[in-house]
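File shown: model-v8.txt (compact mmCIF, C-alpha atoms and all ligand atoms).
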```txt
# COMPACT_ATOMS: atom_id res chain seq x y z
CA MET A 1 28.75 16.74 36.21
CA LEU A 2 27.13 18.28 33.15
CA GLY A 3 27.92 15.08 31.28
CA LEU A 4 26.12 13.06 33.92
CA LEU A 5 23.11 15.38 33.74
CA LEU A 6 23.00 15.11 29.95
CA ALA A 7 23.36 11.33 30.09
CA GLY A 8 20.48 11.25 32.58
CA THR A 9 18.27 13.30 30.26
CA VAL A 10 19.02 11.07 27.29
CA MET A 11 18.23 7.95 29.35
CA ALA A 12 14.93 9.47 30.43
CA TYR A 13 13.97 10.10 26.81
CA VAL A 14 14.76 6.51 25.80
CA GLN A 15 12.53 5.32 28.65
CA ASP A 16 9.77 7.64 27.41
CA TYR A 17 9.94 6.23 23.90
CA LYS A 18 9.73 2.68 25.22
CA GLU A 19 6.80 3.72 27.41
CA MET A 20 5.08 5.34 24.43
CA ILE A 21 5.24 2.09 22.49
CA VAL A 22 3.86 0.12 25.45
CA LYS A 23 1.06 2.65 25.99
CA TYR A 24 0.17 3.67 22.46
CA GLY A 25 1.06 0.69 20.31
CA PRO A 26 3.32 0.29 17.28
CA VAL A 27 5.08 3.40 15.99
CA PRO A 28 3.45 4.63 12.74
CA ASP A 29 5.46 3.96 9.56
CA ALA A 30 5.42 7.67 8.68
CA ILE A 31 7.61 8.24 11.77
CA LEU A 32 10.03 5.35 11.24
CA ASP A 33 10.25 5.62 7.44
CA PRO A 34 8.87 8.97 6.28
CA PRO A 35 8.04 8.98 2.54
CA VAL A 36 10.16 12.12 2.05
CA ASP A 37 13.33 10.11 2.84
CA THR A 38 12.64 7.74 -0.05
CA ASP A 39 11.96 10.68 -2.40
CA ILE A 40 15.18 12.44 -1.38
CA ALA A 41 17.20 9.23 -1.78
CA ASP A 42 15.64 8.67 -5.23
CA GLU A 43 16.52 12.18 -6.38
CA ARG A 44 20.07 11.86 -5.06
CA GLY A 45 20.49 8.47 -6.74
CA SER A 46 18.99 9.55 -10.04
CA LEU A 47 21.56 9.54 -12.86
CA LEU A 48 19.64 12.19 -14.78
CA ASN A 49 19.66 14.55 -11.82
CA ASN A 50 23.39 13.96 -11.34
CA ILE A 51 24.12 14.58 -15.02
CA PHE A 52 22.04 17.76 -15.22
CA GLY A 53 22.99 18.99 -11.75
CA ASN A 54 19.47 19.02 -10.40
CA ASN A 55 19.31 20.07 -6.76
CA ARG A 56 15.73 19.16 -6.08
CA HIS A 57 16.68 17.17 -3.00
CA TYR A 58 17.98 20.36 -1.33
CA ARG A 59 14.59 21.99 -1.82
CA LYS A 60 12.91 18.89 -0.40
CA GLN A 61 15.20 19.07 2.63
CA ALA A 62 14.34 22.75 3.11
CA ARG A 63 10.63 21.96 3.03
CA THR A 64 11.19 19.14 5.52
CA LYS A 65 12.79 21.65 7.91
CA ALA A 66 9.82 23.99 7.41
CA CYS A 67 7.49 21.12 8.33
CA TYR A 68 9.55 20.38 11.47
CA ALA A 69 9.25 24.07 12.42
CA ASN A 70 5.46 23.79 12.02
CA GLN A 71 5.45 20.72 14.26
CA ARG A 72 7.33 22.62 16.99
CA VAL A 73 4.94 25.58 16.71
CA ALA A 74 1.90 23.29 16.88
CA LEU A 75 3.26 21.44 19.92
CA GLY A 76 4.07 24.75 21.66
CA ALA A 77 0.53 26.01 21.02
CA ILE A 78 -0.98 22.79 22.41
CA GLU A 79 1.24 22.96 25.52
CA MET A 80 0.03 26.52 26.16
CA TYR A 81 -3.56 25.45 25.60
CA ASN A 82 -3.15 22.63 28.12
CA MET A 83 -1.75 25.03 30.74
CA ASP A 84 -4.79 27.31 30.34
CA ASN A 85 -7.58 24.77 30.08
CA ALA A 86 -8.94 22.17 32.48
CA THR A 87 -9.95 19.92 29.60
CA MET A 88 -6.66 18.81 28.13
CA TYR A 89 -6.00 18.65 24.42
CA LYS A 90 -4.80 15.09 23.79
CA THR A 91 -5.39 14.25 20.13
CA LEU A 92 -4.46 16.54 17.29
CA ILE A 93 -7.25 17.52 14.94
CA PHE A 94 -5.47 18.88 11.89
CA SER A 95 -8.02 21.62 11.17
CA ASP A 96 -7.42 23.04 14.69
CA ILE A 97 -3.99 24.23 13.56
CA ALA A 98 -4.43 24.53 9.79
CA ASP A 99 -7.76 26.39 9.44
CA SER A 100 -8.41 30.04 10.27
CA ASN A 101 -11.43 28.99 12.33
CA GLY A 102 -9.54 26.13 14.02
CA LEU A 103 -9.46 25.88 17.83
CA MET A 104 -5.79 26.87 18.25
CA VAL A 105 -6.24 29.91 15.99
CA THR A 106 -9.52 31.19 17.45
CA GLY A 107 -8.11 30.55 20.94
CA LYS A 108 -5.09 32.74 20.00
CA TYR A 109 -2.59 29.96 20.67
CA LEU A 110 -1.53 30.38 17.03
CA LYS A 111 -1.34 33.83 15.44
CA THR A 112 -2.20 32.39 12.03
CA PRO A 113 -3.09 28.93 10.77
CA LEU A 114 0.04 26.94 9.90
CA SER A 115 0.99 27.23 6.25
CA LEU A 116 2.05 23.89 4.87
CA PRO A 117 5.33 23.66 2.96
CA GLU A 118 4.04 20.79 0.82
CA PRO A 119 0.54 19.66 -0.24
CA GLY A 120 1.25 16.19 1.20
CA CYS A 121 1.73 17.64 4.71
CA TYR A 122 -0.79 16.35 7.21
CA LEU A 123 0.05 16.57 10.91
CA ARG A 124 -1.08 13.93 13.40
CA ASN A 125 -0.15 12.87 16.91
CA TYR A 126 1.41 9.69 18.22
CA GLY A 127 0.77 9.28 21.93
CA ASP A 128 -1.17 11.64 24.18
CA LEU A 129 -0.33 15.32 23.67
CA SER A 130 -1.19 16.12 27.29
CA ASP A 131 1.15 13.38 28.52
CA ILE A 132 3.88 11.86 26.36
CA GLY A 133 3.02 12.48 22.77
CA ILE A 134 4.61 13.84 19.65
CA ILE A 135 3.43 15.38 16.40
CA TYR A 136 4.39 13.96 13.04
CA CYS A 137 3.60 14.52 9.39
CA ASP A 138 2.27 11.86 7.02
CA TYR A 139 4.93 12.89 4.50
CA HIS A 140 7.84 14.39 6.46
CA GLY A 141 7.70 12.25 9.62
CA CYS A 142 8.69 13.76 12.97
CA LEU A 143 11.62 15.66 14.46
CA GLU A 144 14.89 13.78 14.06
CA GLU A 145 15.50 13.26 17.80
CA ASP A 146 12.05 11.71 18.23
CA ARG A 147 12.46 9.60 15.11
CA ASP A 148 15.85 8.30 16.29
CA GLY A 149 14.54 7.64 19.81
CA LEU A 150 11.50 5.78 18.52
CA ARG A 151 13.60 3.85 16.02
CA SER A 152 15.93 2.56 18.72
CA ALA A 153 13.08 1.91 21.17
CA SER A 154 11.15 -0.11 18.57
CA GLY A 155 14.17 -2.08 17.28
CA TYR A 156 13.74 -0.57 13.82
CA LYS A 157 15.94 -1.93 11.02
CA PRO A 158 16.42 0.36 8.02
CA LYS A 159 15.08 -0.94 4.73
CA ALA A 160 17.56 -1.54 1.93
CA ARG A 161 16.95 1.12 -0.68
CA SER A 162 16.84 0.15 -4.32
CA VAL A 163 18.06 2.57 -6.95
CA SER A 164 15.11 4.29 -8.55
CA ALA A 165 14.21 2.29 -11.64
CA GLY A 166 12.03 5.06 -13.08
CA ASN A 167 14.77 7.65 -13.49
CA ASN A 168 17.34 5.20 -14.78
CA GLY A 169 14.73 3.90 -17.20
CA MET A 170 14.47 7.44 -18.58
CA LEU A 171 18.24 7.52 -19.06
CA ALA A 172 18.09 4.23 -20.97
CA VAL A 173 15.46 5.75 -23.26
CA PHE A 174 17.72 8.75 -23.96
CA ILE A 175 20.67 6.50 -24.79
CA ALA A 176 18.49 4.32 -27.03
CA LEU A 177 17.20 7.42 -28.85
CA GLY A 178 20.78 8.61 -29.33
CA ILE A 179 21.89 5.29 -30.84
CA LEU A 180 18.76 5.19 -33.02
CA SER A 181 19.35 8.67 -34.44
CA VAL A 182 22.98 7.84 -35.28
CA GLY A 183 21.72 4.67 -37.03
CA ILE A 184 19.17 6.68 -39.04
CA MET A 185 21.87 9.14 -40.11
CA ILE A 186 24.09 6.29 -41.32
CA VAL A 187 21.19 4.73 -43.27
CA LEU A 188 20.22 8.08 -44.81
CA HIS A 189 23.82 8.72 -45.74
CA ASN A 190 23.97 5.44 -47.69
CA VAL A 191 20.48 5.65 -49.24
CA LEU A 192 20.24 9.27 -50.30
CA PRO A 193 21.72 10.09 -53.70
CA LYS A 194 25.19 11.49 -53.37
CA ALA A 195 25.90 14.95 -54.63
CA PRO A 196 27.80 14.70 -57.91
CA PRO A 197 31.48 15.43 -57.46
CA SER A 198 32.21 18.94 -58.50
ZN ZN B 1 5.06 17.82 6.39
```

Could you show the structure in this file as structure tokens?
Ligand SMILES: [Zn+2]
Amino acid sequence: MLGLLLAGTVMAYVQDYKEMIVKYGPVPDAILDPPVDTDIADERGSLLNNIFGNNRHYRKQARTKACYANQRVALGAIEMYNMDNATMYKTLIFSDIADSNGLMVTGKYLKTPLSLPEPGCYLRNYGDLSDIGIIYCDYHGCLEEDRDGLRSASGYKPKARSVSAGNNGMLAVFIALGILSVGIMIVLHNVLPKAPPS
């Protein structure tokens, strides 16, 4: 029974995502392919980071979660606003949630303006926030369940990722420098006058 109920809920969501695309047009790229995913994949794939044990991608993932938390808080505030006010809030204006004199803060729907985990964070809406709409970030994208739903509803195909050329280029430079310095030592060894045998 519970399984049936859950299956029903999931179906309803898929329908909503399809409806969103019909109503509101193509899904923004920042939702389907958020830039943070590419950055995390690059840092994971980077040979230098693997050699030196750099865990930057964990910190990026933590900041992504913080951004998702902000998105939930913002959506909750807007839902409360829409219950209280006859004029519905449909389109997110970023300053309404991020500035101390923004509408959601002065209206006490947010205790404090949202603090952004990353300078590239900029929250927007896709769809109508008083109807079926979601919030997403230009850098971090949207909540995973919405992203997955919108991906399947839009027939999204993941892009093939190329290994980051920049970081591997750096590694090549290090190796070249290493070979060069060994070469210089060999040359110096042959050129410099030898110490007289004692
Ligand atoms: Zn963000």

Grab me every residue within 7 Å of ligand ZN 1 (chain B), counting only C-alpha atoms and all ligand atoms, and send it over as a ChimeraX atom specification. /A:64,67,116-118,120-123,137-141

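Taking atom CA of Ala69 of chain A as the reference point, atom CA of Asp96 of chain A is found at 16.9 Å.
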
If you measure from atom CA of Gly183 of chain A to atom CA of Phe52 of chain A, what distance in Å do you get, rounded to one decimal? 25.4 Å

Hey, which of A:Val191, A:Val182, A:Leu114, A:Met80 ends up closest to Asn101 of chain A? Count all atoms listed in the file.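 Selected residue with least distance to Asn101 of chain A: A:Leu114.
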
Proximity to Tyr81 of chain A - best of A:Met104, A:Met20, A:Ala176, A:Leu150, all atoms listed in the file: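 When distances to Tyr81 of chain A are compared using all atoms listed in the file, the smallest one comes from A:Met104.
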
Using all atoms listed in the file, can you tell me which of A:Ala30, A:Pro158, A:Ala66, A:Asp84 comes closest to Lys108 of chain A?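 Looking only at the distances to Lys108 of chain A, the closest residue turns out to be A:Asp84.
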
List the neighbours of Tyr24 of chain A out to 9 Å using all atoms listed in the file; skip same-chain residues closer than 6 positions along the sequence, and give me the result as a PyMOL selection string. chain A and resi 126-128

Using all atoms listed in the file, which of the listed residues (A:Met185, A:Cys142, A:Ile179, A:Ile93) sits closest to Asp33 of chain A?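 Smallest distance to Asp33 of chain A is found for A:Cys142.
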
Restricting the calculation to only C-alpha atoms, which member of A:Ser154, A:Asn85, A:Ser100, A:Gln71 is positioned closest to Lys18 of chain A? A:Ser154

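Between atom CA of Thr87 of chain A and atom CA of Arg124 of chain A the separation is 19.4 Å.
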
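For the set A:Ser46, A:Tyr109, A:Arg56, A:Pro26, the residue with the smallest atom-to-atom gap to Gly76 of chain A is A:Tyr109, counting all atoms listed in the file.
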